[in-house]
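K.L.:
First, the structure itself, so that you have it in front of you.
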Amino acid sequence: MPLLPPLKSLQARLLALLLLLVTLVWLGAAGFIWVDASDELDELLDGHLAQSAALLIVQQAGHGGESSSEASEREPVEDAPSLHKYAPRVAFQVFHEGRLTMRSANADATPMSERAKGFATVTLKDQTQWRVFGAQGNEGDVQVFVGEQITSRNAILWAVLKGVVMPLLYALPLLAVVGWLAVRNGLAPLRHLSQMLAQRQPQVLEPVELPDLPSEIEPVVQALNALFERIQAMVDAERRFTADAAHELRTPIAAIRTQAQVALGAGTDDAQRQHALRYTLAGCDRATHLVEQLLTLSRLESSSASAPTGLVDVCSVAQRVAADLALPALGRAQVLELDAPARALILADDLLTSVLVRNLLDNALRYSPDGARVHLAVTTDGKQVALKVEDSGPGLAEAEMARLGERFYRVLGTEKTGSGLGWSIVRRIAAAYQARISVARSKRLGGLCVTVCWTAQPAKS
Amino acid sequence: MRILLAEDDAMLGDGLRAGLRQQGFLVDWVRDGVAAEREIGTGDYQAAVLDLGLPQKDGMDVLQALRGKKIATPVLILTARDTVPDRIRGLDMGADDYVLKPVDLYELGARLRSLVRRAHGQIQDLLTCGAVQMNLSARQVMFENQPVALSTREFDLLHALMLAVGRVLSREQLEQQLYSWGHEVESNAVEVHIHHLRKKLKPELIQTVRGIGYTLLQSSDAA
């Protein structure tokens with residue numbers, strides 16, 4: 001807020017703003033009253049001066065000439081009473097045919113103003129400012145000056161202003177107290193909200209409910225509740241993950257332990273011992289695979305690891321991965337075909353792209369029966385690069401396809417020992433490089449068909 | 001003792017079956033919930049080891065369905081679900097024991113024996129019937145304080161008869177106790193084993209009830 005110095009407290013801010021505005025309004029009112037009152041006062045007092053001058057002229061005319069002959073002595077007129085406290089501030093002079101015939105005690109013998117007729121503001125010899133009205137009789141032989149000290153006018157003006165301003169000056173602290181209480185009362189819902197939030201346990205994520213919620217705070221509470229909801233969903237997902245991870249980690253370890261114990265207890269049964277030991281080793285491989293997948297996933301979830309590092313040729317990645325997996329596939333009499341003739345560049349990370357392709361191909365081989373066909377193809381049309389993995393396995397039902405990518409989701413009833421994490425990893429990597437994944441039934445081989453599409457990058461010349 | 005094992009993990013199931021067989025259990029292995037419910041429902045098993053995360057039907061649902069049908073076969077849940085609410089739910093649902101993976105094979109064997117024992121109202125691992133004493137964990141039989149050497153089948157047959165003392169067991173019921181799946185049952189196998197038992201112990205101990213089956217007499221009756 002630029003109007004005020006930065007105040008942390010909303011209450012202090014509102015109060016300061018309120019008091020500032022009251023003071024401004026009040027000063028404006030005072031200024032207006034000053035201007036208005038001084039105009040009115042000038043008019044009124046000037047009227048009085050003019051009236052006084054007229055009276056003096058009439059009086060001088062009534063005295064006639066005989067008194068004027070006696071008026072050679074230049075003494076102040078005795079019968080000008082000085083009874084009122086304003087009297088020293090009011091002065092008059094009466095001249096008859098150029099001679100001073102009458103004056104107040106505080107008036108000089110010389111004319112106060114150079115203007116014989118009308119108003120003038122003059123500075124006298126004693127440096128005081130006077131408002132002087134000059135008037136002449138009808139015959140022009142009588143000249144009257146009536147003056148009034150300017151300061152007296154100002155004193156009246158100040159007195160008027162004091163009457164207006166002082167009560168407000170006393171009212172201001174009172175106003176501050178009342179305003180503070182009012183603002184405090186107005187902010188009570190906010191305070192309740194903050195108290196309620198402060199008292200919350202971190203694991204409590206139910207929506208905040210406050211009675212009589214003011215409409216200004218409602219959006220805040222709604223946003224807060226929406227946030228709570230999202231956090232709840234995240235916490236639930238984490239909790240599920242932990243439960244699933246416990247299950248997925250315990251089962252291979254339980255298998256290893258059990259098989260090892262069977263081998264120990266086999267006694268003279270060599271065939272049984274051999275069998276159990278082979279299973280023990282296989283169990284170790286499976287646990288290793290699971291741990292590796294978990295580590296890959298957790299590295300992916302710390303987001304910085306998945307920034308594109310450069311141009312990747314999907315064809316060469318596919319060749320590399322297919323070469324790695326060809327041997328185990330041969331062991332199960334599976335036919336692995338690769339169709340990746342051209343260069344197909346995308347912006348990604350080489351290692352992560354190979355992790356993605358490996359997971360897809362590994363899934364296709366793992367969940368297809370012995371002797372199955374798996375077809376891996378990379379195509380590009382200049383705009384897009386598409387990688388397609390098809391198999392002749394059993395495929396998946398619609399509902400199962402939809403659940404692929406949930407961590408530890410495995411299609412139940414398969415005899416195969418997957419980690420349940422492959423699809424999570426695939427989806428994660430795809431999302432990092434804006435790749436689209438679609439899952440469908442393979443038209444060519446009858447099993448599952450997974451397609452990954454990236455935006456193609458032009459080859460550098 | 002004939003046990004049903006319900007476990008969908010191939011490697012673990014294979015190990016459990018082999019390990020329990022080493023301890024003298026007869027083990028049949030199923031890999032999904034529907035089969036588990038069907039098999040336990042036959043009542044041929046002395047106890048069952050039930051995994052919870054089974055395909056087709058969750059272990060907890062299997063258990064609920066069985067207990068709903070008043071099938072009292074002792075069930076040991078063997079699972080990786082380790083939270084306290086899961087354990088409470090499992091036991092309240094009618095499980096007799098709740099064991100976390102991984103488990104020691106011998107502990108699993110002892111727990112199964114304990115379940116079977118309790119199901120028959122015994123309080124210790126030693127079965128006694130008159131002059132016959134049977135130590136289940138050591139698989140040893142004493143008759144009049146002398147050790148008697150019995151074959152596996154003979155032991156299992158005697159065990160079944162001792163558990164059902166005072167009742168008559170049919171030849172079919174005894175066959176069920178003697179053979180797990182994949183074993184050919186010879187037509188007169190039970191008769192042959194009974195004959196051997198009578199020779200090794202006392203002939204009149206095992207009585208034939210014509211047309212029905214066999215029963216083990218308590219020593220007072222035999223005397």
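Letters A, B, ... mark the chains of the structure tokens in the order given; residue numbers begin at 1 per chain; ligand numbers begin at 1, in order shown.
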Fewer than 2 positions away in the same chain doesn't count, so skip those; otherwise give me all residues within 10 Å of Ala109 in chain A, counting only C-alpha atoms, as number ranges by chain.
P.N.:
A: 74-76, 93-95, 99-104, 106-107, 111-112
K.L.:
Print the selection's residues with N, CA and C atoms to a file, as a compact mmCIF listing (two decimals), in the first residue's frame.
P.N.:
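Dumped everything to result_13.txt:
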# COMPACT_ATOMS: atom_id res chain seq x y z
N ARG A 74 -6.58 71.01 19.39
CA ARG A 74 -6.51 69.67 18.78
C ARG A 74 -6.48 68.55 19.81
N GLU A 75 -7.31 68.72 20.75
CA GLU A 75 -7.36 67.67 21.78
C GLU A 75 -8.27 66.54 21.30
N PRO A 76 -7.97 65.33 21.77
CA PRO A 76 -8.90 64.25 21.43
C PRO A 76 -10.28 64.52 22.01
N GLN A 93 -11.62 59.52 12.92
CA GLN A 93 -11.20 60.92 12.77
C GLN A 93 -12.30 61.65 12.00
N VAL A 94 -12.60 62.88 12.44
CA VAL A 94 -13.58 63.72 11.71
C VAL A 94 -12.91 65.04 11.35
N PHE A 95 -12.92 65.32 10.06
CA PHE A 95 -12.36 66.61 9.60
C PHE A 95 -13.48 67.45 9.05
N ARG A 99 -9.98 70.62 8.62
CA ARG A 99 -9.49 70.66 9.99
C ARG A 99 -10.05 69.50 10.79
N LEU A 100 -9.21 68.98 11.61
CA LEU A 100 -9.63 67.88 12.48
C LEU A 100 -10.53 68.42 13.57
N THR A 101 -11.74 67.92 13.58
CA THR A 101 -12.64 68.43 14.61
C THR A 101 -12.87 67.40 15.71
N MET A 102 -12.71 66.17 15.40
CA MET A 102 -12.98 65.13 16.39
C MET A 102 -12.14 63.89 16.05
N ARG A 103 -11.65 63.23 17.08
CA ARG A 103 -10.92 61.96 16.85
C ARG A 103 -10.98 61.10 18.11
N SER A 104 -10.77 59.84 17.92
CA SER A 104 -10.73 58.96 19.10
C SER A 104 -9.36 59.06 19.73
N ASN A 106 -7.08 57.01 20.31
CA ASN A 106 -5.95 56.27 19.73
C ASN A 106 -5.68 56.69 18.29
N ALA A 107 -6.35 57.79 17.86
CA ALA A 107 -6.14 58.23 16.48
C ALA A 107 -5.21 59.42 16.41
N PRO A 111 -4.75 62.29 8.60
CA PRO A 111 -5.76 61.33 8.09
C PRO A 111 -5.15 59.92 8.04
N MET A 112 -5.95 58.93 8.42
CA MET A 112 -5.47 57.55 8.48
C MET A 112 -5.25 56.96 7.10
K.L.:
Find the residues in chain B near chain A: any atom within 9 Å counts, using only C-alpha atoms. Write them as a tab-separated table (two decimals) with C-alpha atoms, in the first residue's frame.
P.N.:
chain	number	residue	atom	x	y	z
B	8	ASP	CA	0.10	-66.41	-5.32
B	9	ASP	CA	3.82	-65.77	-5.38
B	10	ALA	CA	5.39	-68.72	-7.22
B	11	MET	CA	8.77	-68.57	-5.54
B	12	LEU	CA	7.48	-68.16	-2.01
B	13	GLY	CA	4.72	-70.74	-2.46
B	14	ASP	CA	7.20	-73.29	-3.75
B	15	GLY	CA	9.49	-72.68	-0.78
B	16	LEU	CA	6.71	-72.86	1.80
B	18	ALA	CA	8.82	-77.72	0.32
B	19	GLY	CA	9.66	-76.45	3.82
B	20	LEU	CA	6.42	-77.62	5.38
B	22	GLN	CA	10.17	-81.36	5.24
B	31	ARG	CA	-2.70	-69.66	-6.05
B	32	ASP	CA	-5.93	-67.72	-6.03
B	53	GLY	CA	-3.18	-60.33	-1.61
B	54	LEU	CA	-4.60	-63.15	-3.67
B	55	PRO	CA	-5.83	-62.74	-7.22
B	56	GLN	CA	-9.53	-63.14	-8.01
B	79	THR	CA	1.00	-61.58	4.79
B	80	ALA	CA	3.16	-58.53	4.23
B	81	ARG	CA	0.38	-56.19	5.40
B	82	ASP	CA	1.89	-55.19	8.68
B	83	THR	CA	-0.25	-52.34	9.98
B	100	LEU	CA	4.12	-61.38	8.87
B	101	LYS	CA	6.36	-62.23	5.95
B	102	PRO	CA	9.12	-63.21	6.05
B	103	VAL	CA	8.59	-66.08	8.49
B	104	ASP	CA	10.82	-68.84	9.76
B	105	LEU	CA	9.66	-72.16	8.34
K.L.:
Just the residues within 12 Å of range 136-149 of chain B, please, counting only C-alpha atoms, with nothing from its chain fewer than 3 positions along; format it as a ChimeraX atom specification.
P.N.:
/B:1,22-25,106-114,116-117,122,124-133,152-156,158-160,162-163,196-202,205,219
K.L.:
May I have all residues of range 123-246 of chain A that DSSP, computed from the backbone, assigns to alpha helix (DSSP H), given as a ChimeraX atom specification?
P.N.:
/A:150-186,188-198,218-246
K.L.:
Please return, as a VMD selection string, all residues of range 233-426 of chain A that DSSP assigns to strand (DSSP E or B) on the basis of the backbone.
P.N.:
chain A and resid 310 to 313 335 to 339 345 to 348 373 to 380 384 to 391
K.L.:
Excluding Leu347 in chain A and its own-chain neighbours fewer than 5 positions away, which residues fall within 9 Å of it when counting only C-alpha atoms? Please give them as a list in words.
P.N.:
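Near neighbours after the sequence-gap exclusion: Pro308, Thr309, Gly310, Leu311, Val312, Asp313, Tyr433, Trp454, Thr455, Ala456 and Gln457 of chain A.
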K.L.:
Would you put the residues from that selection into a file with C-alpha atoms, as a CSV table (one decimal), in the first residue's frame?
P.N.:
chain,number,residue,atom,x,y,z
A,308,PRO,CA,16.7,-33.0,-21.1
A,309,THR,CA,20.5,-33.3,-21.6
A,310,GLY,CA,20.6,-33.3,-25.4
A,311,LEU,CA,19.6,-35.0,-28.6
A,312,VAL,CA,18.9,-38.7,-28.3
A,313,ASP,CA,18.6,-41.1,-31.2
A,433,TYR,CA,9.9,-35.1,-22.0
A,454,TRP,CA,7.9,-37.6,-28.9
A,455,THR,CA,8.3,-34.4,-30.8
A,456,ALA,CA,11.0,-34.9,-33.4
A,457,GLN,CA,14.1,-32.7,-33.4
K.L.:
For the atom pair CA of Ala307 in chain A and CA of Leu290 in chain A, what is the interatomic distance in Å to one decimal place?
P.N.:
24.3 Å
K.L.:
Might you pull out every residue within 10 Å of Val30 in chain B, with only C-alpha atoms counted and same-chain residues fewer than 2 positions away left off, and present them as a short mmCIF file (atom, residue, chain, number, x, y, z; two decimals) with C-alpha atoms, in the first residue's frame?
P.N.:
data_model
loop_
_atom_site.label_atom_id
_atom_site.label_comp_id
_atom_site.auth_asym_id
_atom_site.auth_seq_id
_atom_site.Cartn_x
_atom_site.Cartn_y
_atom_site.Cartn_z
CA LEU B 4 -3.81 -75.95 2.45
CA LEU B 5 -1.40 -73.25 1.31
CA ALA B 6 -2.89 -70.25 -0.53
CA GLU B 7 -0.09 -68.09 -1.92
CA ASP B 8 0.10 -66.41 -5.32
CA GLY B 13 4.72 -70.74 -2.46
CA VAL B 27 0.70 -79.55 1.71
CA ASP B 28 -1.65 -78.65 -1.12
CA ASP B 32 -5.93 -67.72 -6.03
CA GLY B 33 -8.68 -66.78 -3.64
CA VAL B 34 -11.51 -68.63 -5.33
CA ALA B 35 -9.60 -71.93 -5.26
CA ALA B 36 -8.59 -71.30 -1.65
CA GLU B 37 -12.20 -70.80 -0.58
CA GLU B 39 -10.60 -76.14 -1.04
CA LEU B 50 -3.72 -67.84 3.72
CA LEU B 54 -4.60 -63.15 -3.67
#
K.L.:
Could you tell me how far CA of Gly59 in chain B lies from CA of Val75 in chain B, in Å and to one decimal?
P.N.:
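If I compute the distance from CA of Gly59 in chain B to CA of Val75 in chain B, I get 10.6 Å.
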K.L.:
Extract, using only C-alpha atoms, all DNA, RNA and protein residues at most 6 Å from range 113-130 of chain A, discarding same-chain residues fewer than 3 positions from it, and format them as a PDB file with C-alpha atoms, in the first residue's frame.
P.N.:
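Output file part.pdb follows:
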ATOM      1  CA  PHE A 133     -13.249  53.478   5.712  1.00  0.00           C
ATOM      2  CA  GLY A 134     -13.289  57.001   4.424  1.00  0.00           C
ATOM      3  CA  ALA A 135     -16.501  58.943   3.785  1.00  0.00           C
ATOM      4  CA  GLU A 148     -10.410  49.058  12.784  1.00  0.00           C
ATOM      5  CA  GLN A 149      -7.275  47.060  13.584  1.00  0.00           C
ATOM      6  CA  ILE A 150      -6.939  43.989  11.359  1.00  0.00           C
TER       7      ILE A 150
END
